[in-house]
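See below for start-v1.txt, which holds compact mmCIF, C-alpha atoms.
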# COMPACT_ATOMS: atom_id res chain seq x y z
CA MET A 12 0.00 0.00 0.00
CA ARG A 13 2.67 2.46 1.06
CA ALA A 14 4.84 1.30 -1.82
CA VAL A 15 2.10 2.00 -4.40
CA ILE A 16 1.33 5.49 -3.04
CA GLY A 17 5.02 6.21 -2.67
CA THR A 18 5.64 5.31 -6.30
CA LEU A 19 2.77 7.58 -7.39
CA LEU A 20 4.13 10.45 -5.34
CA SER A 21 7.77 10.20 -6.36
CA PRO A 22 7.42 13.01 -8.95
CA LEU A 23 6.38 15.36 -6.11
CA GLN A 24 9.48 14.30 -4.19
CA VAL A 25 11.66 15.21 -7.16
CA ILE A 26 9.97 18.60 -7.53
CA ALA A 27 10.39 19.39 -3.83
CA GLU A 28 14.05 18.34 -3.98
CA ALA A 29 14.69 20.16 -7.26
CA PRO A 30 16.51 23.18 -5.75
CA TYR A 31 19.14 20.92 -4.23
CA LEU A 32 19.43 18.59 -7.24
CA LEU A 33 19.71 21.63 -9.55
CA GLY A 34 22.20 23.26 -7.21
CA ASP A 35 24.44 20.20 -7.51
CA GLU A 36 24.15 20.25 -11.30
CA VAL A 37 24.85 23.97 -11.58
CA GLY A 38 27.80 23.63 -9.23
CA GLU A 39 29.22 20.93 -11.51
CA VAL A 40 28.75 23.05 -14.63
CA ILE A 41 30.09 26.42 -13.50
CA ALA A 42 32.96 25.21 -11.33
CA THR A 43 36.12 27.15 -12.16
CA ARG A 44 39.10 25.51 -13.79
CA ASP A 45 41.25 26.19 -10.72
CA SER A 46 38.83 24.60 -8.29
CA LEU A 47 38.41 21.59 -10.57
CA GLN A 48 42.17 21.15 -10.83
CA GLY A 49 42.51 21.49 -7.09
CA ARG A 50 39.81 18.93 -6.49
CA ASN A 51 41.33 16.60 -9.04
CA ALA A 52 44.73 16.80 -7.38
CA ALA A 53 43.20 16.17 -3.96
CA LEU A 54 41.26 13.19 -5.29
CA GLU A 55 44.36 11.74 -6.93
CA ARG A 56 46.24 12.01 -3.64
CA ARG A 57 43.36 10.32 -1.90
CA VAL A 58 43.30 7.48 -4.47
CA LEU A 59 47.02 6.91 -3.92
CA GLU A 60 46.59 6.80 -0.15
CA LEU A 61 43.62 4.48 -0.38
CA SER A 62 45.24 2.14 -2.89
CA GLN A 63 48.22 1.84 -0.60
CA VAL A 64 45.91 0.96 2.29
CA SER A 65 43.94 -1.46 0.16
CA GLN A 66 47.11 -3.30 -0.91
CA GLN A 67 47.80 -4.01 2.72
CA PHE A 68 44.14 -4.81 3.21
CA LEU A 69 44.18 -7.51 0.54
CA ALA A 70 47.17 -9.21 2.10
CA LEU A 71 45.62 -8.94 5.55
CA LYS A 72 42.31 -10.27 4.28
CA GLN A 73 43.93 -13.34 2.78
CA GLU A 74 45.92 -13.93 5.92
CA ASN A 75 42.76 -13.51 7.96
CA GLU A 76 40.91 -16.03 5.79
CA ARG A 77 43.77 -18.56 6.10
CA LEU A 78 43.77 -18.15 9.86
CA ARG A 79 40.01 -18.51 9.98
CA GLU A 80 40.32 -21.69 7.91
CA LEU A 81 42.89 -22.99 10.36
CA LEU A 82 40.49 -22.24 13.18
CA GLY A 83 37.71 -23.96 11.25
CA SER A 84 35.41 -20.94 11.31
CA GLN A 85 33.52 -19.58 8.35
CA ALA A 86 35.12 -16.97 6.16
CA ARG A 87 33.48 -13.58 6.37
CA ILE A 88 31.17 -12.85 3.49
CA SER A 89 32.15 -9.87 1.43
CA ALA A 90 29.29 -7.74 0.23
CA ASP A 91 28.24 -6.00 -2.98
CA VAL A 92 27.26 -2.36 -2.83
CA LEU A 93 25.01 -0.15 -4.92
CA ILE A 94 25.49 3.61 -5.05
CA ALA A 95 22.37 5.68 -4.50
CA GLU A 96 21.69 9.39 -4.41
CA LEU A 97 19.60 11.24 -1.87
CA LEU A 98 16.24 12.28 -3.30
CA GLY A 99 14.64 13.89 -0.30
CA VAL A 100 14.29 13.87 3.44
CA VAL A 101 11.19 13.35 5.51
CA PRO A 102 10.75 16.91 6.77
CA THR A 103 9.03 16.29 10.10
CA VAL A 104 11.27 17.21 13.00
CA ASN A 105 11.35 13.96 14.90
CA THR A 106 11.50 11.48 12.02
CA HIS A 107 14.97 10.78 10.66
CA GLN A 108 14.26 9.20 7.30
CA VAL A 109 15.61 9.98 3.86
CA ILE A 110 14.50 8.94 0.39
CA ILE A 111 17.03 7.56 -2.09
CA ASP A 112 16.80 7.10 -5.84
CA LYS A 113 17.08 3.30 -6.03
CA GLY A 114 14.05 1.08 -5.54
CA ALA A 115 12.65 -2.34 -6.27
CA GLN A 116 13.82 -1.93 -9.89
CA ALA A 117 17.44 -1.94 -8.74
CA GLY A 118 16.90 -4.93 -6.46
CA VAL A 119 16.78 -3.02 -3.19
CA ALA A 120 15.01 -4.89 -0.37
CA VAL A 121 13.75 -3.97 3.07
CA GLY A 122 16.35 -4.50 5.78
CA GLN A 123 19.48 -3.82 3.74
CA ALA A 124 22.11 -1.73 5.46
CA VAL A 125 23.02 1.68 4.06
CA ILE A 126 26.44 3.24 4.56
CA ASP A 127 28.11 6.42 3.39
CA ALA A 128 31.77 7.18 2.85
CA GLU A 129 32.40 7.57 6.59
CA GLY A 130 30.29 4.93 8.28
CA LEU A 131 26.96 3.30 8.93
CA PHE A 132 24.08 5.50 7.72
CA GLY A 133 20.89 3.52 8.31
CA GLN A 134 18.72 0.77 6.92
CA ILE A 135 16.10 0.40 4.22
CA VAL A 136 12.60 0.40 5.73
CA GLU A 137 10.41 0.76 2.65
CA VAL A 138 10.91 0.01 -1.03
CA ASP A 139 8.87 1.69 -3.77
CA GLN A 140 9.28 1.05 -7.47
CA TYR A 141 11.97 3.67 -8.17
CA THR A 142 12.78 5.03 -4.72
CA SER A 143 13.17 3.68 -1.23
CA ARG A 144 13.22 5.03 2.29
CA VAL A 145 16.14 4.82 4.69
CA LEU A 146 15.70 4.99 8.45
CA GLN A 147 18.78 6.77 9.80
CA ILE A 148 20.64 5.41 12.82
CA THR A 149 19.82 8.54 14.83
CA ASP A 150 16.03 8.08 14.67
CA VAL A 151 14.63 7.41 18.14
CA SER A 152 13.06 4.17 16.94
CA HIS A 153 16.40 2.85 15.67
CA ALA A 154 19.07 0.84 17.45
CA VAL A 155 22.16 -0.88 16.14
CA PRO A 156 24.26 -3.60 17.85
CA VAL A 157 27.85 -2.36 18.14
CA GLN A 158 31.19 -3.43 19.54
CA VAL A 159 34.13 -1.39 20.73
CA ASN A 160 36.84 -1.69 18.13
CA ARG A 161 39.59 -1.69 20.79
CA ASN A 162 38.41 -4.65 22.87
CA GLY A 163 35.26 -6.15 21.35
CA LEU A 164 32.97 -4.98 24.16
CA ARG A 165 29.40 -5.33 22.88
CA SER A 166 26.58 -2.86 23.32
CA ILE A 167 23.61 -1.33 21.54
CA ALA A 168 23.66 2.19 20.12
CA GLY A 169 20.20 3.73 20.13
CA GLY A 170 19.14 6.85 18.26
CA THR A 171 18.31 9.95 20.26
CA GLY A 172 16.39 12.01 17.71
CA ARG A 173 19.36 14.39 17.34
CA ARG A 174 21.34 14.13 14.13
CA ASP A 175 24.73 14.32 15.89
CA GLN A 176 24.20 11.91 18.74
CA LEU A 177 23.65 8.25 19.58
CA GLU A 178 23.47 6.74 23.04
CA LEU A 179 24.77 3.39 24.24
CA GLU A 180 22.14 1.49 26.17
CA ASN A 181 22.77 -0.15 29.56
CA VAL A 182 26.54 0.16 29.77
CA PRO A 183 27.68 -0.86 33.29
CA VAL A 184 29.92 1.72 34.99
CA THR A 185 32.68 -0.88 35.19
CA ALA A 186 32.76 -1.50 31.42
CA ASP A 187 36.06 -0.80 29.70
CA ILE A 188 35.05 2.05 27.46
CA ARG A 189 36.73 5.42 27.01
CA GLU A 190 36.18 8.68 25.27
CA GLY A 191 37.28 8.48 21.64
CA ASP A 192 36.72 4.74 21.30
CA LEU A 193 35.65 3.67 17.82
CA LEU A 194 32.42 1.66 17.70
CA GLU A 195 31.73 -0.65 14.77
CA SER A 196 28.68 -2.69 13.88
CA SER A 197 28.94 -6.08 15.54
CA GLY A 198 26.72 -7.98 13.10
CA LEU A 199 24.72 -9.46 15.96
CA GLY A 200 21.04 -9.46 15.12
CA GLY A 201 21.91 -10.19 11.51
CA ARG A 202 20.55 -6.93 10.15
CA PHE A 203 23.81 -5.04 9.69
CA PRO A 204 27.01 -6.46 8.24
CA VAL A 205 29.88 -6.68 10.68
CA GLY A 206 32.71 -4.17 10.89
CA TYR A 207 31.34 -0.87 9.57
CA PRO A 208 32.22 2.15 11.74
CA VAL A 209 29.21 3.52 13.64
CA GLY A 210 30.75 6.35 15.63
CA HIS A 211 33.18 7.57 18.26
CA VAL A 212 32.44 7.81 21.96
CA SER A 213 32.13 11.55 22.56
CA SER A 214 31.40 11.62 26.25
CA LEU A 215 31.15 9.25 29.15
CA ILE A 216 29.27 10.28 32.27
CA ILE A 217 29.41 8.13 35.34
CA ASP A 218 26.78 8.97 37.91
CA ALA A 219 27.50 7.54 41.33
CA THR A 220 23.81 6.86 41.95
CA SER A 221 23.24 4.85 38.77
CA PRO A 222 24.56 1.39 37.87
CA TYR A 223 24.81 2.47 34.24
CA ALA A 224 27.12 4.95 32.59
CA ILE A 225 25.68 7.47 30.15
CA VAL A 226 27.69 7.05 26.97
CA THR A 227 27.05 9.37 24.04
CA VAL A 228 28.38 8.64 20.60
CA ARG A 229 29.02 10.93 17.65
CA PRO A 230 27.98 9.08 14.47
CA ALA A 231 30.75 8.49 11.95
CA ALA A 232 28.45 8.86 8.94
CA GLN A 233 27.71 12.37 7.68
CA LEU A 234 24.02 11.98 8.42
CA ASP A 235 23.07 15.54 7.55
CA ARG A 236 25.46 16.07 4.65
CA SER A 237 25.93 12.94 2.57
CA ARG A 238 24.13 13.09 -0.75
CA HIS A 239 25.55 9.79 -1.95
CA VAL A 240 25.14 6.57 0.00
CA LEU A 241 25.91 2.90 -0.58
CA ILE A 242 23.35 0.13 -0.18
CA VAL A 243 25.03 -3.04 1.06
CA PHE A 244 23.82 -6.29 -0.52
CA ALA A 245 24.51 -9.50 1.35
CA ALA A 246 26.70 -11.52 -1.04
CA ASP A 247 24.90 -14.88 -1.02
CA GLU A 248 21.45 -16.26 -0.43
CA ALA A 249 22.29 -17.80 2.93
CA ALA A 250 23.27 -14.48 4.41
CA ALA A 251 20.15 -12.83 3.01
CA GLU A 252 18.00 -15.58 4.44
CA SER A 253 19.54 -15.40 7.88
CA SER A 254 19.03 -11.65 7.94
CA VAL A 255 15.38 -12.13 7.04
CA LYS A 256 14.95 -14.63 9.85
CA SER A 257 16.56 -12.39 12.39
CA SER A 258 14.48 -9.46 11.21
CA GLU A 259 11.42 -11.52 12.03
CA VAL A 260 12.81 -12.02 15.51
CA GLN A 261 13.45 -8.32 15.85
CA MET B 22 -13.25 16.21 -7.58
CA ASN B 23 -14.34 16.46 -11.17
CA PRO B 24 -11.59 17.97 -13.34
CA SER B 25 -14.17 19.97 -15.27
CA HIS B 26 -15.57 23.22 -13.78
CA GLY B 27 -12.02 24.09 -12.71
CA GLY B 28 -11.52 21.00 -10.60
CA TRP B 29 -8.01 20.87 -12.00
CA LEU B 30 -7.24 24.01 -10.00
CA ILE B 31 -8.21 22.21 -6.78
CA LEU B 32 -5.96 19.30 -7.69
CA LEU B 33 -3.12 21.63 -8.67
CA THR B 34 -3.25 23.63 -5.42
CA ILE B 35 -3.30 20.40 -3.42
CA ALA B 36 -0.29 19.07 -5.32
CA LEU B 37 1.52 22.38 -4.74
CA ALA B 38 0.68 22.23 -1.04
CA MET B 39 2.16 18.72 -0.92
CA VAL B 40 5.38 19.89 -2.54
CA LEU B 41 5.58 22.74 -0.01
CA ALA B 42 4.83 20.23 2.74
CA ILE B 43 7.90 18.14 1.93
CA PHE B 44 10.18 20.99 0.89
CA HIS B 45 13.01 21.34 3.38
CA VAL B 46 15.88 23.65 4.28
CA PRO B 47 19.43 22.28 3.91
CA GLU B 48 19.94 19.52 6.42
CA SER B 49 22.95 21.18 8.01
CA TRP B 50 20.68 23.95 9.31
CA PRO B 51 19.33 23.57 12.85
CA GLN B 52 16.73 20.87 13.19
CA TRP B 53 14.15 22.93 15.09
CA LEU B 54 13.58 25.01 11.95
CA GLY B 55 11.40 22.10 10.85
CA TRP B 56 8.84 23.20 13.44
CA LEU B 57 8.31 26.45 11.53
CA ARG B 58 6.58 24.67 8.65
CA PRO B 59 2.97 25.85 8.28
CA ALA B 60 0.36 23.13 7.75
CA TRP B 61 0.03 23.91 4.03
CA LEU B 62 -2.23 21.03 3.16
CA ALA B 63 -4.56 21.66 6.09
CA MET B 64 -4.92 25.30 4.99
CA VAL B 65 -5.61 24.45 1.36
CA VAL B 66 -8.20 21.85 2.35
CA PHE B 67 -9.68 24.34 4.81
CA TYR B 68 -10.05 26.92 2.03
CA TRP B 69 -11.66 24.64 -0.53
CA VAL B 70 -14.09 23.09 1.94
CA MET B 71 -15.08 26.51 3.21
CA GLU B 72 -15.64 28.00 -0.26
CA LEU B 73 -16.89 24.93 -2.14
CA PRO B 74 -18.16 22.39 0.39
CA HIS B 75 -19.82 20.37 -2.38
CA ARG B 76 -16.53 19.82 -4.24
CA LEU B 77 -14.25 18.53 -1.48
CA GLY B 78 -15.73 16.04 0.96
CA LEU B 79 -14.65 13.79 3.77
CA ILE B 80 -13.52 10.97 1.49
CA SER B 81 -11.32 13.19 -0.70
CA ALA B 82 -9.80 14.78 2.40
CA TRP B 83 -9.09 11.33 3.80
CA VAL B 84 -7.42 10.23 0.55
CA ILE B 85 -5.27 13.38 0.49
CA GLY B 86 -4.25 12.64 4.07
CA LEU B 87 -3.32 9.09 3.11
CA LEU B 88 -0.90 10.49 0.55
CA LEU B 89 0.58 12.76 3.21
CA ASP B 90 1.01 9.74 5.52
CA VAL B 91 3.32 8.21 2.96
CA LEU B 92 5.25 11.45 2.42
CA TYR B 93 5.70 11.98 6.16
CA ALA B 94 6.21 8.28 7.03
CA ASP B 95 3.44 8.58 9.62
CA PRO B 96 1.23 5.64 10.60
CA LEU B 97 -1.13 5.06 7.66
CA GLY B 98 -4.44 6.82 8.23
CA LEU B 99 -3.22 9.37 10.75
CA ASN B 100 -3.17 12.38 8.42
CA GLY B 101 -6.26 11.06 6.68
CA PHE B 102 -8.12 11.18 9.96
CA LEU B 103 -6.77 14.63 10.86
CA LEU B 104 -7.66 16.17 7.49
CA ALA B 105 -11.08 14.54 7.56
CA ALA B 106 -11.60 15.99 11.04
CA ILE B 107 -10.72 19.49 9.78
CA THR B 108 -13.00 18.95 6.79
CA TYR B 109 -15.88 17.95 9.04
CA VAL B 110 -15.53 20.99 11.29
CA VAL B 111 -15.26 23.38 8.33
CA TRP B 112 -18.10 21.69 6.46
CA ARG B 113 -20.32 21.97 9.56
CA PHE B 114 -19.67 25.70 9.95
CA TYR B 115 -18.74 26.88 6.43
CA GLU B 116 -21.47 29.52 6.19
CA ARG B 117 -20.35 31.08 9.43
CA LEU B 118 -16.65 30.84 8.50
CA ARG B 119 -17.19 32.66 5.21
CA MET B 120 -18.74 35.57 7.12
CA TYR B 121 -15.79 35.79 9.49
CA SER B 122 -13.20 38.51 9.09
CA ILE B 123 -9.71 37.40 8.10
CA VAL B 124 -8.50 37.79 11.71
CA GLN B 125 -11.25 35.52 12.99
CA GLN B 126 -10.41 32.98 10.28
CA CYS B 127 -6.77 33.13 11.40
CA ILE B 128 -7.83 32.21 14.91
CA VAL B 129 -9.91 29.28 13.65
CA VAL B 130 -6.94 28.06 11.56
CA PHE B 131 -4.68 28.41 14.60
CA LEU B 132 -7.00 26.32 16.78
CA LEU B 133 -7.59 23.63 14.15
CA VAL B 134 -3.88 23.22 13.37
CA LEU B 135 -2.96 23.26 17.06
CA VAL B 136 -5.44 20.49 17.83
CA THR B 137 -4.45 18.33 14.84
CA GLU B 138 -0.69 18.79 15.41
CA SER B 139 -1.13 17.88 19.08
CA LEU B 140 -3.10 14.79 18.08
CA ARG B 141 -0.35 13.89 15.60
CA ILE B 142 2.36 14.14 18.23
CA VAL B 143 0.31 12.11 20.71
CA VAL B 144 -0.18 9.34 18.13
CA GLN B 145 3.53 9.39 17.24
CA ASP B 146 4.37 9.18 20.92
CA VAL B 147 2.08 6.18 21.38
CA ALA B 148 3.34 4.48 18.21
CA TRP B 149 7.09 5.11 18.52
CA SER B 150 7.52 6.81 21.93
CA ARG B 151 8.81 9.96 20.23
CA GLY B 152 8.09 12.16 23.23
CA TRP B 153 6.15 15.40 23.49
CA SER B 154 7.35 18.90 22.76
CA TRP B 155 6.09 22.45 23.03
CA GLY B 156 7.21 22.80 19.42
CA VAL B 157 3.68 21.82 18.29
CA ILE B 158 2.53 25.36 18.88
CA LEU B 159 4.89 26.67 16.17
CA PRO B 160 3.19 25.09 13.11
CA ALA B 161 -0.12 26.45 14.43
CA LEU B 162 1.35 29.97 14.83
CA MET B 163 3.00 29.84 11.40
CA SER B 164 -0.23 28.62 9.78
CA MET B 165 -2.09 31.45 11.45
CA LEU B 166 0.42 33.99 10.10
CA THR B 167 0.45 32.59 6.55
CA TRP B 168 -3.31 32.10 6.30
CA PRO B 169 -4.08 35.61 4.94
CA PHE B 170 -1.64 35.06 2.05
CA VAL B 171 -2.89 31.55 1.32
CA TYR B 172 -6.45 32.89 1.40
CA LEU B 173 -5.66 35.78 -0.94
CA VAL B 174 -3.81 33.63 -3.47
CA LEU B 175 -6.43 30.87 -3.52
CA GLN B 176 -9.31 33.36 -3.63
CA ARG B 177 -7.80 35.17 -6.61
CA ALA B 178 -7.04 31.90 -8.41
CA ARG B 179 -10.55 30.59 -7.76
CA LEU B 180 -12.26 33.72 -9.07
CA GLN B 181 -9.96 33.85 -12.10
CA VAL B 182 -10.63 30.24 -13.11
CA ARG B 183 -14.28 30.36 -11.95
CA VAL B 184 -14.20 27.14 -10.02
CA GLU B 185 -17.75 26.34 -8.96
Using the file provided, produce a representation of the structure as structure tokens.
Amino acid sequence: MRAVIGTLLSPLQVIAEAPYLLGDEVGEVIATRDSLQGRNAALERRVLELSQVSQQFLALKQENERLRELLGSQARISADVLIAELLGVVPTVNTHQVIIDKGAQAGVAVGQAVIDAEGLFGQIVEVDQYTSRVLQITDVSHAVPVQVNRNGLRSIAGGTGRRDQLELENVPVTADIREGDLLESSGLGGRFPVGYPVGHVSSLIIDATSPYAIVTVRPAAQLDRSRHVLIVFAADEAAAESSVKSSEVQ
Amino acid sequence: MNPSHGGWLILLTIALAMVLAIFHVPESWPQWLGWLRPAWLAMVVFYWVMELPHRLGLISAWVIGLLLDVLYADPLGLNGFLLAAITYVVWRFYERLRMYSIVQQCIVVFLLVLVTESLRIVVQDVAWSRGWSWGVILPALMSMLTWPFVYLVLQRARLQVRVE
């Protein structure tokens, strides 16, 4: 029902988003030669840096797979991604949802994780024919299982309704967690793939009267700026199936 | 809503109101600015029901609200119910409302939007525990302030096209 109406209304979405889409286009067209050259140089530097890192990454990945084989555990599944562009945001104050320009036509399905260049962005909650809706990780109704990158401590990062803040739920005051710790998705729950950065611990308040620490997290993803996001496809059927099962549990 | 007799103008204004309803400022701007959005669709429905109660009824208002539910990702039927409620009130009192001065109409718009926005936030709180905020008074205030312009524009368009 929602999908049908959403498909019918997608032209309105495009019209409402037109100023921003046009702004991007115009910016591309009238950029000066200097700024283009500067950007090109910066991008080339970045490619060099990243290719150097990815060379190491390949070697490490193979080593990791060998070690996992030795241990007899399953190799991690690598995932395909699909690039999508932002087509609108849900404008109500307390709903953090955005609309992207890939839908059922491109094979998008409910429950797929969405990331941007910096980290975990959200998940697909509704698929129309040509567009779909992404629930951002900062929405109050959203929570993502995370682990501390430094020591594997597991927790759940819940949205707070503010675009720059997540909160860890039920962290005991004795837990080994510090300001600046990187949190990544733990893959528990089966909805999100493991190992994508979620955010950094920005403050840690320990109240003597409470058994739990108040841990706030600054999301890694540029939730209010990214116009391009990646939809993560689970690589094989088994993974997709298991995520469907766990979504039923959730 | 028959497209003949200028019904297309009704459809067009409703489509425009929907575009305005989902138009947004750049996301890097402060979030509370979102509260300043007037209830465009409620005002447009209010106008058409008041001026032409035989053209826009409860069912059409409910359908328009259903579309808005999808745009706003609200529980399906919420906006349908709210718009139908506004339609009912206006339809019940349209003769009186037409006689009101613009200031009195502003006050009616303020009250209607305040009540519907409060209902919306209560439903959202029940459905997703979103919490309650004094911000709900802002859309009502903004609607009240924009109503004279909306009224003028729609009135001129209606008389020009002779929607009956």
Would you kindly return, as a list in words, each protein, DNA or RNA residue with an atom no farther than 10 Å from any atom of Gln145 in chain B, considering all atoms listed in the file and excluding same-chain residues fewer than 4 positions away?
->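 These residues fall inside the cut-off: Asn105 and Thr106 of chain A; Asp95, Pro96, Leu99, Ser139, Leu140, Arg141, Trp149, Ser150, Arg151, Gly152 and Trp153 of chain B.
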Minimum-distance residue to Val111 in chain B, chosen among B:Leu97, B:Pro59, B:Ile35, B:Val130 (using only C-alpha atoms) = B:Val130
Rounded to one decimal in Å, what is the spacing between CA of Val144 in chain B and CA of Leu57 in chain B?
->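 Interatomic distance, CA of Val144 in chain B to CA of Leu57 in chain B: 20.2 Å.
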Could the residues of chain B within 9 Å of chain A, counting all atoms listed in the file, be given as number ranges by chain, please?
-> B: 36-37, 39-50, 52-56, 58, 87-88, 90-95, 97, 149-151
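The gap separating CA of Gln63 in chain A from CA of Asn51 in chain A is 18.3 Å, in Å to one decimal.
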By how many Å are CA of Arg79 in chain A and CA of Val209 in chain A apart?
->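 Separating CA of Arg79 in chain A from CA of Val209 in chain A is a distance of 24.8 Å.
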Which residues, written as a list of chain:residue names, have at least one atom at most 9 Å from His211 in chain A, with only C-alpha atoms counted and residues fewer than 4 positions away on the same chain left out?
->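 Surrounding residues, per the criterion: A:Glu190, A:Gly191, A:Asp192, A:Leu193, A:Leu194, A:Thr227, A:Val228, A:Arg229, A:Pro230, A:Ala231.
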